[in-house]
Number of protein chains: 4
Amino acid sequence: MIIHMSRNAEPAHEQAVFKRIEAKGLKYEVIHGTTGTDVIGVLGDLSGVEESYFSELDGVEKVIRISKSYKLIARQYAKDGQVRDKETRAIRVGDATIGGSELTVMAGPCSVESREQARAVARYARGMGVPIMRGGAYKPRTSPYSFQGMGAEGLAILGEIREEFGLKIVTEATGQHRHVKPDGTQEDRTVLENVVAFADIVQVGARNMKSYGFLQELAMLTSEEQTPVMLKRGESSTLEDFLLAAEYIVANGNPNVMLCLRGIRAFEESKFQRYTADIGAIPVLKRETHLPVIFDPSHSTGYRRNVEAVALAAVAAGADGLLIETHGDPTRALCDGEQCVTESQLRAILRKANALREALRQTG
Amino acid sequence: MIIHMSRNAEPAHEQAVFKRIEAKGLKYEVIHGTTGTDVIGVLGDLSGVEESYFSELDGVEKVIRISKSYKLIARQYAKDGQVRDKETRAIRVGDATIGGSELTVMAGPCSVESREQARAVARYARGMGVPIMRGGAYKPRTSPYSFQGMGAEGLAILGEIREEFGLKIVTEATGQHRHVKPDGTQEDRTVLENVVAFADIVQVGARNMKSYGFLQELAMLTSEEQTPVMLKRGESSTLEDFLLAAEYIVANGNPNVMLCLRGIRAFEESKFQRYTADIGAIPVLKRETHLPVIFDPSHSTGYRRNVEAVALAAVAAGADGLLIETHGDPTRALCDGEQCVTESQLRAILRKANALREALRQTG
Amino acid sequence: MIIHMSRNAEPAHEQAVFKRIEAKGLKYEVIHGTTGTDVIGVLGDLSGVEESYFSELDGVEKVIRISKSYKLIARQYAKDGQVRDKETRAIRVGDATIGGSELTVMAGPCSVESREQARAVARYARGMGVPIMRGGAYKPRTSPYSFQGMGAEGLAILGEIREEFGLKIVTEATGQHRHVKPDGTQEDRTVLENVVAFADIVQVGARNMKSYGFLQELAMLTSEEQTPVMLKRGESSTLEDFLLAAEYIVANGNPNVMLCLRGIRAFEESKFQRYTADIGAIPVLKRETHLPVIFDPSHSTGYRRNVEAVALAAVAAGADGLLIETHGDPTRALCDGEQCVTESQLRAILRKANALREALRQTG
Amino acid sequence: MIIHMSRNAEPAHEQAVFKRIEAKGLKYEVIHGTTGTDVIGVLGDLSGVEESYFSELDGVEKVIRISKSYKLIARQYAKDGQVRDKETRAIRVGDATIGGSELTVMAGPCSVESREQARAVARYARGMGVPIMRGGAYKPRTSPYSFQGMGAEGLAILGEIREEFGLKIVTEATGQHRHVKPDGTQEDRTVLENVVAFADIVQVGARNMKSYGFLQELAMLTSEEQTPVMLKRGESSTLEDFLLAAEYIVANGNPNVMLCLRGIRAFEESKFQRYTADIGAIPVLKRETHLPVIFDPSHSTGYRRNVEAVALAAVAAGADGLLIETHGDPTRALCDGEQCVTESQLRAILRKANALREALRQTG
């Protein structure tokens, strides 16, 4: 960490900084600037020290972190802090390996709406070789008047599908509340409890990426089984905050985290795109962390007609997997129908995505 | 709602739209465009109908909502849907009336760090006539390695202060998890339960604005007492989503919601501002809803040196209240010290803010 | 265009709207809403009519454009307004065809710094089969104290290279000012005149995308020769504004415009990415216009280490070409060295990009 | 400047950095980190040295500028580099002093549309004590099919008004092109020449803030008369870039620059606000530079109904002046009518703004 003292800093200000440094068991060196401005370099393990610990002191102009704020998930370090692990963490879910040599595709409807709808999707997805089905039983909706998901009943349907088609299931835990059923009563257990008990991969949605207490409790609940967690990036979250949210889960006992990129909020025009696909984040994450990186092209653009182009771009940029919304009849979807691709569109995406992955392997 | 059919839409596509309209008990009229493009106007109560209900249909090019998506909190309607209420909802908390003729200032530290620290702030805030103290017992922190708040112990300190100084307390419910104490064990009750049982105003932080299940359960828990809730805007939330989040709380039984604006995420440079203060949102919210509008200048800029200017701007633009971070010794704050104003800065802000409010009243 | 009258609109307000509609020779129909709100559909050729022509009238709540604001460059129409052209406009530059079946790569240094530097790049780029070299003789720089380009002398060097290596040249016209030489005197002709007289493709930089008078004069100057123009997207320009800027050039006489996407300004962290690559804009532009779409991965991320991933993503998403910064020794570049790829990196990008393009063709 | 070497940097990399430092006549000191990471502090006058000069070198991880990139306009330094000037630069235009103790209001229509329209505005503005009238003769328009301004004829009308009403005129120089008249021919002189010859204050629009060659030539053209220049912030320009654009003008001979803030591009919803008013930029600019700061509430929100609130916020935050669009009959304006305030609205804004300014002075 580099502490830049202001031009008007007094010796006492500098002393206060030194004390804080020493209070943390750290060391320092000082560069005395020719114009009377000093720069203090802080040395040692700074992972638990925030910039504000120093920047709030009088006489401090700017504090710059040089070491990383996350450590367990950083590519350089294994958990013991000594050995470097250069490899992407491979997370096995059934027959699939997320973060391995193959591209992993997870596909399915935004939400489970009925047994028929879900089975129809499962059948054609399975037929294309998709190993993991996505489908929401609990849905976070912007309006209190919108369909909020089938709840435990939806999980039950997903459970049947898992049996029948041999698919693994990724589904979202939207919080620690008890879902309100259509009759106005609440389910017996919390959403988190229900989903952790059921899912092969527990999804944390973009809206909860910064619900840190929730992340912590999710990690503790899954720490024994080490159920894989798919953490989605908040729509305006920086990559540093995204990585730190993953660090929360790993630090609380569950190392099986995969990062899922989705559209960010920029200044897009809603008639063309609902979100901005942050493709450039892929090489950044691949460098910063050993966690696998999934890309969600559906929530990256918001329109079915753009999904293929964005999905292929993510594969070309190095994503380990794709999370795609599909629906047997998108025009009848109860939520997000506009971004669901059809069966034939999904087939085309898979064919092209695999061809791109193969082309990259051969020229790599 | 206006449905614009695409140039290539077939008659069957249009029929499908008509069916969906009728399925909701709504009516429609059609404008036949000269270039073969039809526009369908949907008439009736559309508050429960999303754009995607139509936009996902084949042949539909664009759907435009004209009526508002929120209704209970809209300025035009009282809860019975008949009477219009033009007045801002006045929410009483102790002697203060939020949304009344006076500017309400809530001030206090980011987090409760010790009895001494909290009492010191309470004393000078009370001395300046501040009626409501803010202070976090549970703190959402970006890094898992940062101070996460004192938890129930912090609430106990705030309780003593409430007694001693006659201040009312606003404090944040960060979720429905059980707080992890320094010894690694969890508190007995959830954060939500603890805060609802304690606070005069329950704060929902920006990170939880879209945790809809949490909002719903908070509303149900407080529906009897109608404890005031202060809902903060998510850092990249649109105003429409912000209003709908408030609608969630009101629709689930608690009408005493105040909206709190804070900085949004734009492209600010961190050396100058941490967030962008969205002052223009004040007149928009004042027009759209009858709920009171609070402004948080501290989280709108991130630096103490800009807080006064932004606070005064908010007052001039019509905010009903201010939420300000202050600390007896900001350079020793355990969190967000950079944006805490000192005692003397707070005094200056209050003096000037009241002068501006008075000047506006006289020239109004 | 759809005009939504406000709930409080009076009959006179509506009459005023009708008059404005008729004044433009347009027709209208009215939908009388059940709640007293009227919606007016405006019919006819609205390409020259702005939303504000109506929205500024009293009683008007909202105006929504349905028809497109651009027409000459829209995919549906040929210039005579009758025939539809479905094909991307193929622009020939030497042996290359931009917008044809092959991917076109333009590569070269940010700026021409010396004969040696430029020749070194030209040699290896030509050796890899790159048909068009980029290189700035005039450089727009954020600081007045930075190297501003070699000016006419730089153009002369590019001219020698064109001869020696058979490369075509794309270079930027930064404005209509006269470049200030190192000795403080100005060049005889304007930058625009010099570049138009020299370049095979005239580049308009992101900073000038909205300098409409400049676009107009550029179009008039090149209307006879129809010299191809590469228009870069402004860093915070909407796609609609980008398309309208292209329309300015075409409407003033030069139909040979190619669109070049580059990074947009979102909330990226400078340590990871300097800009956000808007990959999702590629399918949007390909649908909206027949103009070819080029992608600049260098100015989309700002760091050499991310360029390959972003370049390949653009190819996978359907870009017609790439514009890449390369330098024989990036660590000695006088400008933007951080985003210049090396010779071997460029070779790898070309190999992989062509493999992806081929894989897509085979699976298309 | 602080140079942080990467963990893998070799001694030769560090030597290369030292050489570059010495090549500029600068000095350095090194902090040897305990984990093998070195930090190099560069000392001396770095105003002409960009971060990339070092960051492009191998082995360099990050370069952080600590000194400012602008110097002539920085608050600390007078032009000779020795004397500090703490005072805001006062720029006199007729009887008004921009940057003095009084708030300066400039008001007028977006564009001059006719003698009658312009005179009507001039009359009521003058009547309210407005000293400077704004009005565009040349208008940058997003669509090539929109009204582009009256050109030289508009300037002539503004000239008559200047005489008749004793108002000073601020008007925009949109570039160095020659305006195309309605008959298709071009004016004899460039827009820049015409405006510089006429205006009391030359406005540089947001779209041209980064047209550096244009800024340079404008500065040279006005360096003798030192005609005041009002530089508007680009809609996605950082404050650092904004300040550097002002530095361009001052460094090329004209120190009479005032900065004008306007809305920035964030993620606003067009139905509520067209742009985001960056009020927090006011205290930042007031601290960073001695140039006066003007605020344009009209282009900060885009809707007449929000203009008063935003204008008053700017005054409360410390702006030296306001630039307001007004029109005798906004519903007939040929451009931007939606954001023009009426005569009575302008009167209310002036009354309240002056009351706020007075209240601040008394409590200051």
# chains A, B, ... in the order shown; residues from 1 in each chain; ligands from 1
>>> residues_around(residues="B:Ile98", least_positions_apart="6", cutoff="10 Å", atoms="only C-alpha atoms", output="list in words")
Thr88, Arg89, Ala90, Ile91, Arg92, Thr104, Val105, Met258, Leu291, Pro292, Val293, Ile294, Asp320 and Gly321 of chain B
>>> interface_residues(of="chain D", to="chain A", cutoff="9 Å", atoms="only C-alpha atoms", output="list in words")
Ile2, His4, Glu29, Val30, Ile31, His32, Gly33, Thr34, Thr35, Val39, Gly41, Val42, Leu43, Gly44, Lys62, Ile64, Ile66, Arg265, Ala266, Phe267 and Glu268 of chain D
>>> residues_around(residues="B:Val310", least_positions_apart="2", cutoff="7 Å", atoms="only C-alpha atoms", output="compact mmCIF listing (two decimals) with N, CA and C atoms, in the first residue's frame")
# COMPACT_ATOMS: atom_id res chain seq x y z
N PRO B 297 -26.06 12.80 1.60
CA PRO B 297 -24.93 13.42 0.89
C PRO B 297 -23.62 12.67 1.12
N ASN B 306 -16.65 17.23 0.21
CA ASN B 306 -17.73 17.58 -0.72
C ASN B 306 -19.11 17.51 -0.08
N VAL B 307 -19.18 17.03 1.17
CA VAL B 307 -20.49 16.73 1.76
C VAL B 307 -21.36 17.98 1.91
N GLU B 308 -20.77 19.06 2.39
CA GLU B 308 -21.60 20.25 2.60
C GLU B 308 -22.26 20.73 1.30
N LEU B 312 -26.36 20.80 0.79
CA LEU B 312 -27.11 22.03 0.55
C LEU B 312 -27.84 21.96 -0.79
N ALA B 313 -27.21 21.34 -1.77
CA ALA B 313 -27.86 21.18 -3.07
C ALA B 313 -29.15 20.38 -2.91
N ALA B 314 -29.10 19.33 -2.10
CA ALA B 314 -30.29 18.50 -1.91
C ALA B 314 -31.42 19.28 -1.26
N ILE D 279 -23.94 17.44 -9.69
CA ILE D 279 -23.79 18.54 -8.74
C ILE D 279 -22.50 18.40 -7.94
N GLY D 280 -22.13 17.18 -7.65
CA GLY D 280 -20.91 16.94 -6.86
C GLY D 280 -19.65 17.42 -7.56
N ALA D 317 -24.74 24.61 -4.16
CA ALA D 317 -23.47 23.88 -4.16
C ALA D 317 -22.29 24.78 -4.49
>>> select_by_dssp(residues="stretch 49-199 of chain D", states="strand (DSSP E)", output="list in words")
Val60, Glu61, Lys62, Val63, Ile64, Ile91, Arg92, Val93, Ala96, Thr97, Ile98, Thr104, Val105, Met106, Ala107, Gly108, Ile132, Met133, Arg134, Lys168, Ile169, Val170, Thr171 and Glu172 of chain D
>>> write_last_selection(atoms="C-alpha atoms", output="PDB file, in the first residue's frame")
ATOM      1  CA  VAL D  60       5.833  -2.298 -14.734  1.00  0.00           C
ATOM      2  CA  GLU D  61       2.564  -3.240 -13.050  1.00  0.00           C
ATOM      3  CA  LYS D  62       0.993   0.095 -12.367  1.00  0.00           C
ATOM      4  CA  VAL D  63       1.836   3.788 -12.562  1.00  0.00           C
ATOM      5  CA  ILE D  64       0.085   6.283 -10.354  1.00  0.00           C
ATOM      6  CA  ILE D  91     -13.865  37.493 -15.771  1.00  0.00           C
ATOM      7  CA  ARG D  92     -15.546  40.732 -16.709  1.00  0.00           C
ATOM      8  CA  VAL D  93     -18.126  40.793 -19.486  1.00  0.00           C
ATOM      9  CA  ALA D  96     -21.076  41.441 -15.120  1.00  0.00           C
ATOM     10  CA  THR D  97     -18.228  39.734 -13.320  1.00  0.00           C
ATOM     11  CA  ILE D  98     -18.210  35.991 -13.673  1.00  0.00           C
ATOM     12  CA  THR D 104     -24.198  35.527 -12.938  1.00  0.00           C
ATOM     13  CA  VAL D 105     -27.196  34.326 -14.900  1.00  0.00           C
ATOM     14  CA  MET D 106     -27.032  33.859 -18.658  1.00  0.00           C
ATOM     15  CA  ALA D 107     -30.377  33.084 -20.238  1.00  0.00           C
ATOM     16  CA  GLY D 108     -31.921  32.847 -23.639  1.00  0.00           C
ATOM     17  CA  ILE D 132     -25.884  38.072 -20.678  1.00  0.00           C
ATOM     18  CA  MET D 133     -28.083  36.447 -23.280  1.00  0.00           C
ATOM     19  CA  ARG D 134     -27.424  33.013 -24.729  1.00  0.00           C
ATOM     20  CA  LYS D 168     -23.869  40.780 -23.828  1.00  0.00           C
ATOM     21  CA  ILE D 169     -24.014  37.679 -25.976  1.00  0.00           C
ATOM     22  CA  VAL D 170     -22.713  34.154 -25.464  1.00  0.00           C
ATOM     23  CA  THR D 171     -23.047  31.937 -28.537  1.00  0.00           C
ATOM     24  CA  GLU D 172     -21.510  28.691 -29.707  1.00  0.00           C
TER      25      GLU D 172
END
>>> closest_residue(among="A:Leu103, A:Val315, A:Leu244, A:Leu155", to="A:Arg115", atoms="only C-alpha atoms")
A:Leu155
>>> residues_around(residues="A:Val112", least_positions_apart="5", cutoff="8 Å", atoms="only C-alpha atoms", output="list of chain:residue names")
A:Gln117, A:Ala118, A:Gly135, A:Gly136, A:Ala137, A:Gly149, A:Met150, A:Gly154, A:Ile157, A:Leu158
>>> write_last_selection(atoms="N, CA and C atoms", output="PDB file, in the first residue's frame")
ATOM      1  N   GLN A 117     -44.135 -27.736 -19.416  1.00  0.00           N
ATOM      2  CA  GLN A 117     -43.166 -26.789 -19.962  1.00  0.00           C
ATOM      3  C   GLN A 117     -41.738 -27.212 -19.611  1.00  0.00           C
ATOM      4  N   ALA A 118     -41.527 -27.556 -18.372  1.00  0.00           N
ATOM      5  CA  ALA A 118     -40.166 -27.889 -17.934  1.00  0.00           C
ATOM      6  C   ALA A 118     -39.680 -29.184 -18.588  1.00  0.00           C
ATOM      7  N   GLY A 135     -33.347 -23.367 -14.146  1.00  0.00           N
ATOM      8  CA  GLY A 135     -34.784 -23.157 -14.038  1.00  0.00           C
ATOM      9  C   GLY A 135     -35.076 -22.586 -12.671  1.00  0.00           C
ATOM     10  N   GLY A 136     -35.804 -21.484 -12.626  1.00  0.00           N
ATOM     11  CA  GLY A 136     -36.061 -20.818 -11.363  1.00  0.00           C
ATOM     12  C   GLY A 136     -37.362 -21.282 -10.731  1.00  0.00           C
ATOM     13  N   ALA A 137     -37.299 -21.658  -9.473  1.00  0.00           N
ATOM     14  CA  ALA A 137     -38.518 -21.959  -8.728  1.00  0.00           C
ATOM     15  C   ALA A 137     -38.918 -20.719  -7.925  1.00  0.00           C
ATOM     16  N   GLY A 149     -42.748 -17.043  -9.086  1.00  0.00           N
ATOM     17  CA  GLY A 149     -42.198 -18.400  -9.108  1.00  0.00           C
ATOM     18  C   GLY A 149     -43.112 -19.392  -8.394  1.00  0.00           C
ATOM     19  N   MET A 150     -42.932 -20.690  -8.729  1.00  0.00           N
ATOM     20  CA  MET A 150     -43.798 -21.725  -8.164  1.00  0.00           C
ATOM     21  C   MET A 150     -43.341 -22.192  -6.785  1.00  0.00           C
ATOM     22  N   GLY A 154     -42.223 -25.892  -7.613  1.00  0.00           N
ATOM     23  CA  GLY A 154     -41.325 -25.835  -8.765  1.00  0.00           C
ATOM     24  C   GLY A 154     -40.083 -26.695  -8.546  1.00  0.00           C
ATOM     25  N   ILE A 157     -40.900 -30.265  -9.264  1.00  0.00           N
ATOM     26  CA  ILE A 157     -40.911 -30.567 -10.706  1.00  0.00           C
ATOM     27  C   ILE A 157     -39.478 -30.742 -11.210  1.00  0.00           C
ATOM     28  N   LEU A 158     -38.604 -29.862 -10.781  1.00  0.00           N
ATOM     29  CA  LEU A 158     -37.208 -29.981 -11.196  1.00  0.00           C
ATOM     30  C   LEU A 158     -36.605 -31.301 -10.703  1.00  0.00           C
TER      31      LEU A 158
END
>>> residues_around(residues="A:Gly129", least_positions_apart="3", cutoff="10 Å", atoms="only C-alpha atoms", output="list in words")
Val105, Tyr124, Ala125, Arg126, Ile132, Leu167, Arg347 and Leu350 of chain A
>>> write_last_selection(atoms="C-alpha atoms", output="CSV table (one decimal), in the first residue's frame")
chain,number,residue,atom,x,y,z
A,105,VAL,CA,-23.5,-25.3,-21.3
A,124,TYR,CA,-34.6,-31.2,-26.1
A,125,ALA,CA,-31.8,-29.9,-24.0
A,126,ARG,CA,-30.8,-33.4,-23.0
A,132,ILE,CA,-27.1,-29.1,-16.6
A,167,LEU,CA,-29.9,-33.7,-15.8
A,347,ARG,CA,-29.1,-26.1,-31.2
A,350,LEU,CA,-24.3,-25.2,-29.3
>>> select_by_dssp(residues="stretch 8-82 of chain C", states="helix (DSSP H, G or I)", output="ChimeraX atom specification")
/C:11-23,52-55
>>> write_last_selection(atoms="N, CA and C atoms", output="mmCIF file, in the first residue's frame")
data_model
loop_
_atom_site.group_PDB
_atom_site.id
_atom_site.type_symbol
_atom_site.label_atom_id
_atom_site.label_comp_id
_atom_site.auth_asym_id
_atom_site.auth_seq_id
_atom_site.Cartn_x
_atom_site.Cartn_y
_atom_site.Cartn_z
ATOM 1 N N PRO C 11 -58.883 19.977 -24.502
ATOM 2 C CA PRO C 11 -59.154 19.831 -25.942
ATOM 3 C C PRO C 11 -58.276 20.758 -26.785
ATOM 4 N N ALA C 12 -58.027 21.967 -26.286
ATOM 5 C CA ALA C 12 -57.198 22.896 -27.065
ATOM 6 C C ALA C 12 -55.783 22.350 -27.246
ATOM 7 N N HIS C 13 -55.297 21.647 -26.238
ATOM 8 C CA HIS C 13 -53.960 21.068 -26.358
ATOM 9 C C HIS C 13 -53.931 20.048 -27.487
ATOM 10 N N GLU C 14 -54.983 19.253 -27.532
ATOM 11 C CA GLU C 14 -55.045 18.225 -28.568
ATOM 12 C C GLU C 14 -55.132 18.869 -29.951
ATOM 13 N N GLN C 15 -55.893 19.946 -30.031
ATOM 14 C CA GLN C 15 -56.024 20.647 -31.319
ATOM 15 C C GLN C 15 -54.652 21.150 -31.777
ATOM 16 N N ALA C 16 -53.875 21.648 -30.855
ATOM 17 C CA ALA C 16 -52.547 22.159 -31.213
ATOM 18 C C ALA C 16 -51.673 21.047 -31.782
ATOM 19 N N VAL C 17 -51.824 19.862 -31.221
ATOM 20 C CA VAL C 17 -51.062 18.726 -31.740
ATOM 21 C C VAL C 17 -51.509 18.405 -33.162
ATOM 22 N N PHE C 18 -52.817 18.378 -33.361
ATOM 23 C CA PHE C 18 -53.329 18.057 -34.698
ATOM 24 C C PHE C 18 -52.786 19.043 -35.734
ATOM 25 N N LYS C 19 -52.757 20.316 -35.362
ATOM 26 C CA LYS C 19 -52.274 21.333 -36.307
ATOM 27 C C LYS C 19 -50.830 21.076 -36.701
ATOM 28 N N ARG C 20 -50.017 20.740 -35.699
ATOM 29 C CA ARG C 20 -48.603 20.472 -36.004
ATOM 30 C C ARG C 20 -48.455 19.265 -36.926
ATOM 31 N N ILE C 21 -49.290 18.271 -36.689
ATOM 32 C CA ILE C 21 -49.233 17.076 -37.537
ATOM 33 C C ILE C 21 -49.558 17.452 -38.970
ATOM 34 N N GLU C 22 -50.638 18.199 -39.109
ATOM 35 C CA GLU C 22 -51.070 18.570 -40.463
ATOM 36 C C GLU C 22 -50.069 19.500 -41.143
ATOM 37 N N ALA C 23 -49.430 20.347 -40.347
ATOM 38 C CA ALA C 23 -48.446 21.276 -40.917
ATOM 39 C C ALA C 23 -47.305 20.541 -41.599
ATOM 40 N N SER C 52 -39.289 16.066 -30.215
ATOM 41 C CA SER C 52 -39.526 17.301 -29.479
ATOM 42 C C SER C 52 -40.501 18.221 -30.216
ATOM 43 N N TYR C 53 -40.676 17.994 -31.492
ATOM 44 C CA TYR C 53 -41.624 18.799 -32.266
ATOM 45 C C TYR C 53 -43.008 18.684 -31.628
ATOM 46 N N PHE C 54 -43.273 17.533 -31.047
ATOM 47 C CA PHE C 54 -44.558 17.342 -30.367
ATOM 48 C C PHE C 54 -44.432 17.426 -28.848
ATOM 49 N N SER C 55 -43.344 16.878 -28.313
ATOM 50 C CA SER C 55 -43.280 16.744 -26.854
ATOM 51 C C SER C 55 -43.227 18.089 -26.161
#
>>> atom_distance(atom1="atom CA of D:Thr190", atom2="atom CA of D:Arg141")
17.7 Å
>>> closest_residue(among="D:Asn208, D:Ser146, D:Thr301, D:His177", to="C:Glu193", atoms="only C-alpha atoms")
D:His177
>>> atom_distance(atom1="atom CA of D:Ala199", atom2="atom CA of D:Arg178")
17.2 Å
>>> residues_around(residues="C:Asn254", least_positions_apart="5", cutoff="12 Å", atoms="only C-alpha atoms", output="PyMOL selection string")
chain C and resi 72-73+79+91+202+215-230+246-249
>>> atom_distance(atom1="atom CA of C:Ala359", atom2="atom CA of A:Phe295")
20.8 Å
